>>> print(open('entry06.txt').read())   # compact mmCIF, C-alpha atoms
# COMPACT_ATOMS: atom_id res chain seq x y z
CA MET A 393 -18.17 -2.92 21.76
CA SER A 394 -15.12 -5.14 22.26
CA LYS A 395 -13.97 -7.57 19.61
CA ARG A 396 -15.03 -11.15 20.03
CA LEU A 397 -12.31 -13.67 20.84
CA VAL A 398 -12.54 -16.43 18.25
CA ALA A 399 -10.76 -19.75 18.66
CA GLY A 400 -9.99 -21.96 15.68
CA ILE A 401 -10.14 -25.70 16.36
CA ASP A 402 -8.85 -28.66 14.37
CA GLU A 403 -7.78 -32.22 15.04
CA VAL A 404 -5.34 -34.66 13.48
CA GLY A 405 -4.97 -38.38 13.67
CA ARG A 406 -8.40 -39.77 12.85
CA GLY A 407 -7.10 -42.22 10.24
CA PRO A 408 -4.02 -43.77 11.88
CA LEU A 409 -4.10 -47.17 13.53
CA VAL A 410 -1.97 -46.09 16.49
CA GLY A 411 -1.73 -43.25 18.97
CA ALA A 412 -3.99 -40.51 20.23
CA VAL A 413 -6.18 -38.19 18.22
CA VAL A 414 -4.77 -34.71 18.93
CA ALA A 415 -6.67 -31.44 18.68
CA ALA A 416 -5.61 -27.83 19.03
CA ALA A 417 -7.45 -24.62 19.79
CA VAL A 418 -5.83 -21.31 18.88
CA ILE A 419 -6.84 -17.70 19.47
CA LEU A 420 -4.67 -15.59 17.20
CA ASN A 421 -3.46 -12.17 18.25
CA PRO A 422 -4.84 -9.61 15.75
CA HIS A 423 -1.78 -7.42 16.37
CA LYS A 424 0.78 -10.14 15.56
CA TRP A 425 0.22 -11.36 12.01
CA ILE A 426 1.57 -14.76 10.95
CA ASP A 427 2.34 -15.20 7.24
CA GLY A 428 1.94 -18.54 5.51
CA LEU A 429 -0.85 -20.12 7.56
CA ALA A 430 -2.47 -22.93 5.57
CA ASP A 431 -3.86 -26.42 5.92
CA SER A 432 -1.08 -28.35 7.68
CA LYS A 433 -1.31 -31.16 5.13
CA LYS A 434 -0.37 -28.72 2.36
CA LEU A 435 2.82 -27.52 4.07
CA SER A 436 6.24 -29.13 4.11
CA GLU A 437 7.39 -30.54 7.43
CA LYS A 438 10.03 -27.79 7.66
CA LYS A 439 7.45 -25.03 7.09
CA ARG A 440 5.01 -26.63 9.57
CA ASN A 441 7.72 -26.71 12.23
CA GLU A 442 8.64 -23.07 11.60
CA LEU A 443 5.00 -21.95 11.74
CA ASN A 444 4.37 -24.08 14.84
CA LEU A 445 7.02 -22.08 16.73
CA GLU A 446 5.71 -18.77 15.42
CA ILE A 447 2.09 -19.61 16.33
CA ARG A 448 3.07 -20.69 19.85
CA GLU A 449 5.00 -17.42 20.27
CA LYS A 450 2.55 -14.96 18.69
CA ALA A 451 -0.93 -16.39 19.39
CA LEU A 452 -2.97 -14.83 22.16
CA CYS A 453 -3.24 -18.39 23.50
CA TRP A 454 -3.27 -21.99 22.30
CA SER A 455 -3.96 -25.39 23.78
CA LEU A 456 -3.72 -29.05 22.87
CA GLY A 457 -6.31 -31.68 23.72
CA ARG A 458 -6.19 -35.40 23.10
CA ALA A 459 -8.10 -38.62 23.29
CA GLU A 460 -6.06 -41.75 23.90
CA PRO A 461 -6.32 -45.04 21.96
CA GLU A 462 -8.32 -46.64 24.80
CA GLU A 463 -10.85 -43.80 24.62
CA ILE A 464 -11.02 -44.10 20.83
CA ASP A 465 -11.75 -47.82 21.17
CA GLU A 466 -14.38 -47.16 23.83
CA ILE A 467 -16.35 -44.28 22.29
CA ASN A 468 -15.33 -44.40 18.56
CA ILE A 469 -13.07 -42.10 16.57
CA LEU A 470 -15.67 -39.40 15.87
CA GLN A 471 -16.64 -39.01 19.53
CA ALA A 472 -12.97 -39.17 20.56
CA SER A 473 -12.14 -36.39 18.05
CA LEU A 474 -14.89 -34.19 19.49
CA LEU A 475 -13.65 -34.96 23.02
CA ALA A 476 -10.08 -33.99 22.08
CA MET A 477 -11.36 -30.71 20.59
CA LYS A 478 -13.43 -30.00 23.72
CA ARG A 479 -10.36 -30.62 25.88
CA ALA A 480 -8.31 -28.26 23.69
CA VAL A 481 -10.88 -25.48 24.14
CA GLU A 482 -11.09 -26.11 27.89
CA GLY A 483 -7.30 -25.84 28.11
CA LEU A 484 -7.16 -22.31 26.69
CA SER A 485 -5.92 -19.69 29.15
CA VAL A 486 -8.44 -17.20 27.72
CA THR A 487 -12.11 -18.13 27.26
CA PRO A 488 -13.19 -17.58 23.64
CA ASP A 489 -16.52 -15.98 22.74
CA HIS A 490 -16.88 -18.07 19.59
CA LEU A 491 -15.43 -21.25 18.07
CA LYS A 492 -14.65 -21.95 14.43
CA ILE A 493 -14.35 -25.70 14.01
CA ASP A 494 -12.87 -27.54 11.04
CA GLY A 495 -15.39 -30.00 9.66
CA ASN A 496 -19.14 -30.42 10.02
CA LYS A 497 -19.57 -31.54 13.64
CA GLU A 498 -20.09 -29.29 16.64
CA ILE A 499 -18.29 -29.85 19.93
CA PRO A 500 -20.55 -30.66 22.91
CA MET A 501 -20.04 -27.30 24.68
CA GLN A 502 -22.23 -24.38 25.70
CA ILE A 503 -20.48 -21.74 23.61
CA SER A 504 -21.21 -20.01 20.32
CA MET A 505 -19.71 -22.03 17.45
CA GLU A 506 -19.77 -22.70 13.76
CA THR A 507 -18.45 -25.57 11.69
CA ILE A 508 -16.56 -24.93 8.47
CA VAL A 509 -15.86 -27.75 6.03
CA GLN A 510 -12.22 -27.46 4.92
CA GLY A 511 -11.84 -24.67 7.46
CA ASP A 512 -8.14 -25.44 7.80
CA ALA A 513 -7.72 -24.02 4.28
CA LYS A 514 -10.11 -21.07 4.78
CA VAL A 515 -9.71 -19.67 8.31
CA ALA A 516 -6.34 -18.56 9.72
CA SER A 517 -7.05 -19.64 13.31
CA ILE A 518 -8.15 -23.11 12.14
CA SER A 519 -5.01 -23.36 9.98
CA ALA A 520 -2.94 -22.47 13.04
CA ALA A 521 -4.73 -25.15 15.09
CA SER A 522 -4.16 -27.67 12.30
CA ILE A 523 -0.43 -26.92 12.29
CA ILE A 524 0.03 -27.09 16.06
CA ALA A 525 -1.93 -30.35 16.33
CA LYS A 526 -0.08 -32.02 13.43
CA VAL A 527 3.38 -31.06 14.67
CA ALA A 528 2.54 -32.33 18.18
CA ARG A 529 1.15 -35.66 16.94
CA ASP A 530 3.99 -36.18 14.46
CA LYS A 531 6.51 -35.67 17.29
CA GLU A 532 4.67 -38.32 19.32
CA MET A 533 4.98 -40.74 16.41
CA VAL A 534 8.74 -40.10 16.19
CA LEU A 535 9.06 -40.85 19.92
CA LEU A 536 6.98 -44.01 19.48
CA HIS A 537 9.29 -45.00 16.63
CA GLU A 538 12.25 -44.74 19.01
CA GLN A 539 10.51 -47.23 21.34
CA TYR A 540 9.34 -49.55 18.54
CA PRO A 541 11.64 -49.00 15.52
CA GLY A 542 10.36 -52.04 13.63
CA TYR A 543 6.99 -50.42 12.91
CA GLY A 544 8.23 -47.38 10.98
CA PHE A 545 6.09 -44.86 12.88
CA ALA A 546 8.49 -41.97 12.11
CA SER A 547 7.79 -42.31 8.40
CA HIS A 548 4.08 -43.27 8.17
CA LYS A 549 2.91 -41.60 11.42
CA GLY A 550 0.68 -44.55 12.26
CA TYR A 551 -1.35 -44.62 9.07
CA PRO A 552 -2.21 -48.05 7.59
CA THR A 553 0.60 -48.20 5.02
CA LYS A 554 1.92 -51.46 3.61
CA THR A 555 4.99 -51.13 5.87
CA HIS A 556 2.85 -50.63 8.97
CA LEU A 557 0.51 -53.52 8.16
CA GLU A 558 3.46 -55.83 7.52
CA ALA A 559 5.00 -54.79 10.87
CA ILE A 560 1.73 -55.59 12.67
CA GLN A 561 1.74 -59.02 11.05
CA LYS A 562 5.39 -59.58 12.04
CA TYR A 563 5.47 -58.06 15.57
CA GLY A 564 1.81 -57.91 16.63
CA LEU A 565 0.03 -54.96 18.21
CA ILE A 566 1.47 -52.59 20.79
CA THR A 567 -0.60 -51.02 23.57
CA GLN A 568 -0.92 -47.77 21.58
CA HIS A 569 -2.69 -49.48 18.67
CA ARG A 570 -6.41 -48.79 18.28
CA LYS A 571 -7.83 -52.26 18.79
CA THR A 572 -11.24 -51.51 17.20
CA PHE A 573 -9.76 -50.33 13.88
CA LYS A 574 -10.22 -53.02 11.25
CA PRO A 575 -6.57 -53.91 10.48
CA CYS A 576 -5.89 -54.13 14.23
CA LYS A 577 -9.10 -56.01 15.00
CA ASN A 578 -8.06 -58.68 12.49
CA CYS A 579 -4.84 -59.25 14.49
CA LEU A 580 -6.50 -59.98 17.82
>>> encode(input="entry06.txt", output="structure tokens")
Amino acid sequence: MSKRLVAGIDEVGRGPLVGAVVAAAVILNPHKWIDGLADSKKLSEKKRNELNLEIREKALCWSLGRAEPEEIDEINILQASLLAMKRAVEGLSVTPDHLKIDGNKEIPMQISMETIVQGDAKVASISAASIIAKVARDKEMVLLHEQYPGYGFASHKGYPTKTHLEAIQKYGLITQHRKTFKPCKNCL
């Protein structure tokens, strides 16, 4: 009997007021071990970036999926997160036999799956997905900061910090803001 191909799935960016929610799906290669995999939030930025490169190089395959701010506003953040995860799985170059999903919600797909609360701290493939997704989204926030330096996106990554809320009050919303999120809704 052949080994099952298991993909770990995680998303980042549910809480920010701006930008896409980004998900990753990763099928690790059992013959190419990666040391140091952990919940991306527990790693330094330097370590995340190093592991991101190693995962992309050593994984059997990986994919990113996303849901844009307009989609988040239209279908809500939970549904957009599930959509981003579904897109990440669909983007894999190898079809997995089973999914391990961080959290407690299944993806709307016809494939064997299980949800694991705090899976990004418990399952290596979910940790890898967490790292790839976070590095990708953080890079997007740095690029957005270059376009709109007054908002401080490079430092707070779109989360509703005091600096970000003050910038919204001063400059208004940009097209990438999630208009249905309370602090943004109050500015319309």
>>> closest_residue(input="entry06.txt", among="A:Gly400, A:Gly544, A:Gly457, A:Gly428", to="Ala412 of chain A", atoms="all atoms listed in the file")
A:Gly457
>>> atom_distance(input="entry06.txt", atom1="atom CA of Gly411 of chain A", atom2="atom CA of Ile499 of chain A")
21.3 Å
>>> closest_residue(input="entry06.txt", among="A:Cys579, A:Gly550, A:Asp402, A:Glu482", to="Leu535 of chain A", atoms="all atoms listed in the file")
A:Gly550
>>> residues_around(input="entry06.txt", residues="Ser519 of chain A", least_positions_apart="3", cutoff="9 Å", atoms="all atoms listed in the file", output="ChimeraX atom specification")
/A:400-402,429-432,494,511-516,522-524
>>> write_last_selection(input="entry06.txt", atoms="C-alpha atoms", output="PDB file, keeping the file's coordinate frame")
ATOM      1  CA  GLY A 400      -9.990 -21.960  15.680  1.00  0.00           C
ATOM      2  CA  ILE A 401     -10.140 -25.700  16.360  1.00  0.00           C
ATOM      3  CA  ASP A 402      -8.850 -28.660  14.370  1.00  0.00           C
ATOM      4  CA  LEU A 429      -0.850 -20.120   7.560  1.00  0.00           C
ATOM      5  CA  ALA A 430      -2.470 -22.930   5.570  1.00  0.00           C
ATOM      6  CA  ASP A 431      -3.860 -26.420   5.920  1.00  0.00           C
ATOM      7  CA  SER A 432      -1.080 -28.350   7.680  1.00  0.00           C
ATOM      8  CA  ASP A 494     -12.870 -27.540  11.040  1.00  0.00           C
ATOM      9  CA  GLY A 511     -11.840 -24.670   7.460  1.00  0.00           C
ATOM     10  CA  ASP A 512      -8.140 -25.440   7.800  1.00  0.00           C
ATOM     11  CA  ALA A 513      -7.720 -24.020   4.280  1.00  0.00           C
ATOM     12  CA  LYS A 514     -10.110 -21.070   4.780  1.00  0.00           C
ATOM     13  CA  VAL A 515      -9.710 -19.670   8.310  1.00  0.00           C
ATOM     14  CA  ALA A 516      -6.340 -18.560   9.720  1.00  0.00           C
ATOM     15  CA  SER A 522      -4.160 -27.670  12.300  1.00  0.00           C
ATOM     16  CA  ILE A 523      -0.430 -26.920  12.290  1.00  0.00           C
ATOM     17  CA  ILE A 524       0.030 -27.090  16.060  1.00  0.00           C
TER      18      ILE A 524
END
>>> closest_residue(input="entry06.txt", among="A:Tyr540, A:Gln510, A:Val398, A:Val413", to="Val481 of chain A", atoms="all atoms listed in the file")
A:Val398
>>> atom_distance(input="entry06.txt", atom1="atom CA of Pro461 of chain A", atom2="atom CA of Lys571 of chain A")
8.0 Å
>>> atom_distance(input="entry06.txt", atom1="atom CA of Lys450 of chain A", atom2="atom CA of His423 of chain A")
9.0 Å
>>> residues_around(input="entry06.txt", residues="Asn496 of chain A", least_positions_apart="2", cutoff="9 Å", atoms="only C-alpha atoms", output="list in words")
Ile493, Asp494, Glu498, Glu506, Thr507, Ile508 and Val509 of chain A
>>> closest_residue(input="entry06.txt", among="A:Leu409, A:Ile426, A:Leu536, A:Ala399", to="Glu442 of chain A", atoms="all atoms listed in the file")
A:Ile426
>>> closest_residue(input="entry06.txt", among="A:Leu475, A:Leu445, A:Pro575, A:Arg440", to="Lys554 of chain A", atoms="all atoms listed in the file")
A:Pro575
>>> build_atoms(input="entry06.txt", residues="segment 531-567 of chain A", atoms="N, CA and C atoms", output="compact mmCIF listing (two decimals), in the coordinates of the input")
# COMPACT_ATOMS: atom_id res chain seq x y z
N LYS A 531 5.42 -35.49 16.33
CA LYS A 531 6.51 -35.67 17.29
C LYS A 531 6.26 -36.90 18.16
N GLU A 532 5.01 -37.12 18.54
CA GLU A 532 4.67 -38.32 19.32
C GLU A 532 4.96 -39.59 18.54
N MET A 533 4.72 -39.56 17.23
CA MET A 533 4.98 -40.74 16.41
C MET A 533 6.48 -41.00 16.28
N VAL A 534 7.28 -39.93 16.24
CA VAL A 534 8.74 -40.10 16.19
C VAL A 534 9.23 -40.72 17.50
N LEU A 535 8.68 -40.26 18.63
CA LEU A 535 9.06 -40.85 19.92
C LEU A 535 8.63 -42.31 20.02
N LEU A 536 7.45 -42.63 19.48
CA LEU A 536 6.98 -44.01 19.48
C LEU A 536 7.88 -44.88 18.60
N HIS A 537 8.36 -44.29 17.52
CA HIS A 537 9.29 -45.00 16.63
C HIS A 537 10.59 -45.36 17.37
N GLU A 538 11.03 -44.46 18.24
CA GLU A 538 12.25 -44.74 19.01
C GLU A 538 12.04 -45.93 19.95
N GLN A 539 10.83 -46.09 20.47
CA GLN A 539 10.51 -47.23 21.34
C GLN A 539 10.32 -48.52 20.54
N TYR A 540 9.70 -48.39 19.37
CA TYR A 540 9.34 -49.55 18.54
C TYR A 540 9.81 -49.31 17.10
N PRO A 541 11.12 -49.36 16.85
CA PRO A 541 11.64 -49.00 15.52
C PRO A 541 11.17 -49.92 14.38
N GLY A 542 10.78 -51.12 14.68
CA GLY A 542 10.36 -52.04 13.63
C GLY A 542 9.07 -51.67 12.92
N TYR A 543 8.30 -50.77 13.49
CA TYR A 543 6.99 -50.42 12.91
C TYR A 543 7.05 -49.27 11.91
N GLY A 544 8.10 -48.48 11.93
CA GLY A 544 8.23 -47.38 10.98
C GLY A 544 7.36 -46.17 11.27
N PHE A 545 7.00 -45.96 12.54
CA PHE A 545 6.09 -44.86 12.88
C PHE A 545 6.61 -43.49 12.47
N ALA A 546 7.93 -43.28 12.47
CA ALA A 546 8.49 -41.97 12.11
C ALA A 546 8.17 -41.62 10.67
N SER A 547 8.05 -42.61 9.81
CA SER A 547 7.79 -42.31 8.40
C SER A 547 6.29 -42.28 8.06
N HIS A 548 5.50 -43.23 8.56
CA HIS A 548 4.08 -43.27 8.17
C HIS A 548 3.14 -42.67 9.20
N LYS A 549 3.66 -42.28 10.36
CA LYS A 549 2.91 -41.60 11.42
C LYS A 549 1.69 -42.38 11.90
N GLY A 550 1.75 -43.71 11.75
CA GLY A 550 0.68 -44.55 12.26
C GLY A 550 -0.41 -44.89 11.28
N TYR A 551 -0.34 -44.32 10.08
CA TYR A 551 -1.35 -44.62 9.07
C TYR A 551 -1.19 -46.06 8.56
N PRO A 552 -2.25 -46.64 8.01
CA PRO A 552 -2.21 -48.05 7.59
C PRO A 552 -1.49 -48.27 6.26
N THR A 553 -0.20 -47.97 6.23
CA THR A 553 0.60 -48.20 5.02
C THR A 553 0.96 -49.68 4.94
N LYS A 554 1.47 -50.07 3.80
CA LYS A 554 1.92 -51.46 3.61
C LYS A 554 2.98 -51.82 4.66
N THR A 555 3.93 -50.91 4.88
CA THR A 555 4.99 -51.13 5.87
C THR A 555 4.41 -51.36 7.26
N HIS A 556 3.45 -50.52 7.64
CA HIS A 556 2.85 -50.63 8.97
C HIS A 556 2.08 -51.94 9.11
N LEU A 557 1.29 -52.28 8.10
CA LEU A 557 0.51 -53.52 8.16
C LEU A 557 1.41 -54.75 8.22
N GLU A 558 2.50 -54.72 7.48
CA GLU A 558 3.46 -55.83 7.52
C GLU A 558 4.11 -55.93 8.90
N ALA A 559 4.41 -54.79 9.52
CA ALA A 559 5.00 -54.79 10.87
C ALA A 559 4.02 -55.36 11.89
N ILE A 560 2.75 -55.02 11.76
CA ILE A 560 1.73 -55.59 12.67
C ILE A 560 1.70 -57.10 12.52
N GLN A 561 1.75 -57.58 11.27
CA GLN A 561 1.74 -59.02 11.05
C GLN A 561 2.98 -59.68 11.67
N LYS A 562 4.12 -59.02 11.56
CA LYS A 562 5.39 -59.58 12.04
C LYS A 562 5.52 -59.49 13.56
N TYR A 563 5.20 -58.31 14.14
CA TYR A 563 5.47 -58.06 15.57
C TYR A 563 4.22 -58.06 16.45
N GLY A 564 3.04 -58.00 15.84
CA GLY A 564 1.81 -57.91 16.63
C GLY A 564 1.49 -56.46 16.98
N LEU A 565 0.48 -56.30 17.81
CA LEU A 565 0.03 -54.96 18.21
C LEU A 565 0.79 -54.49 19.44
N ILE A 566 0.94 -53.17 19.57
CA ILE A 566 1.47 -52.59 20.79
C ILE A 566 0.30 -51.95 21.54
N THR A 567 0.52 -51.55 22.77
CA THR A 567 -0.60 -51.02 23.57
C THR A 567 -1.20 -49.76 22.95
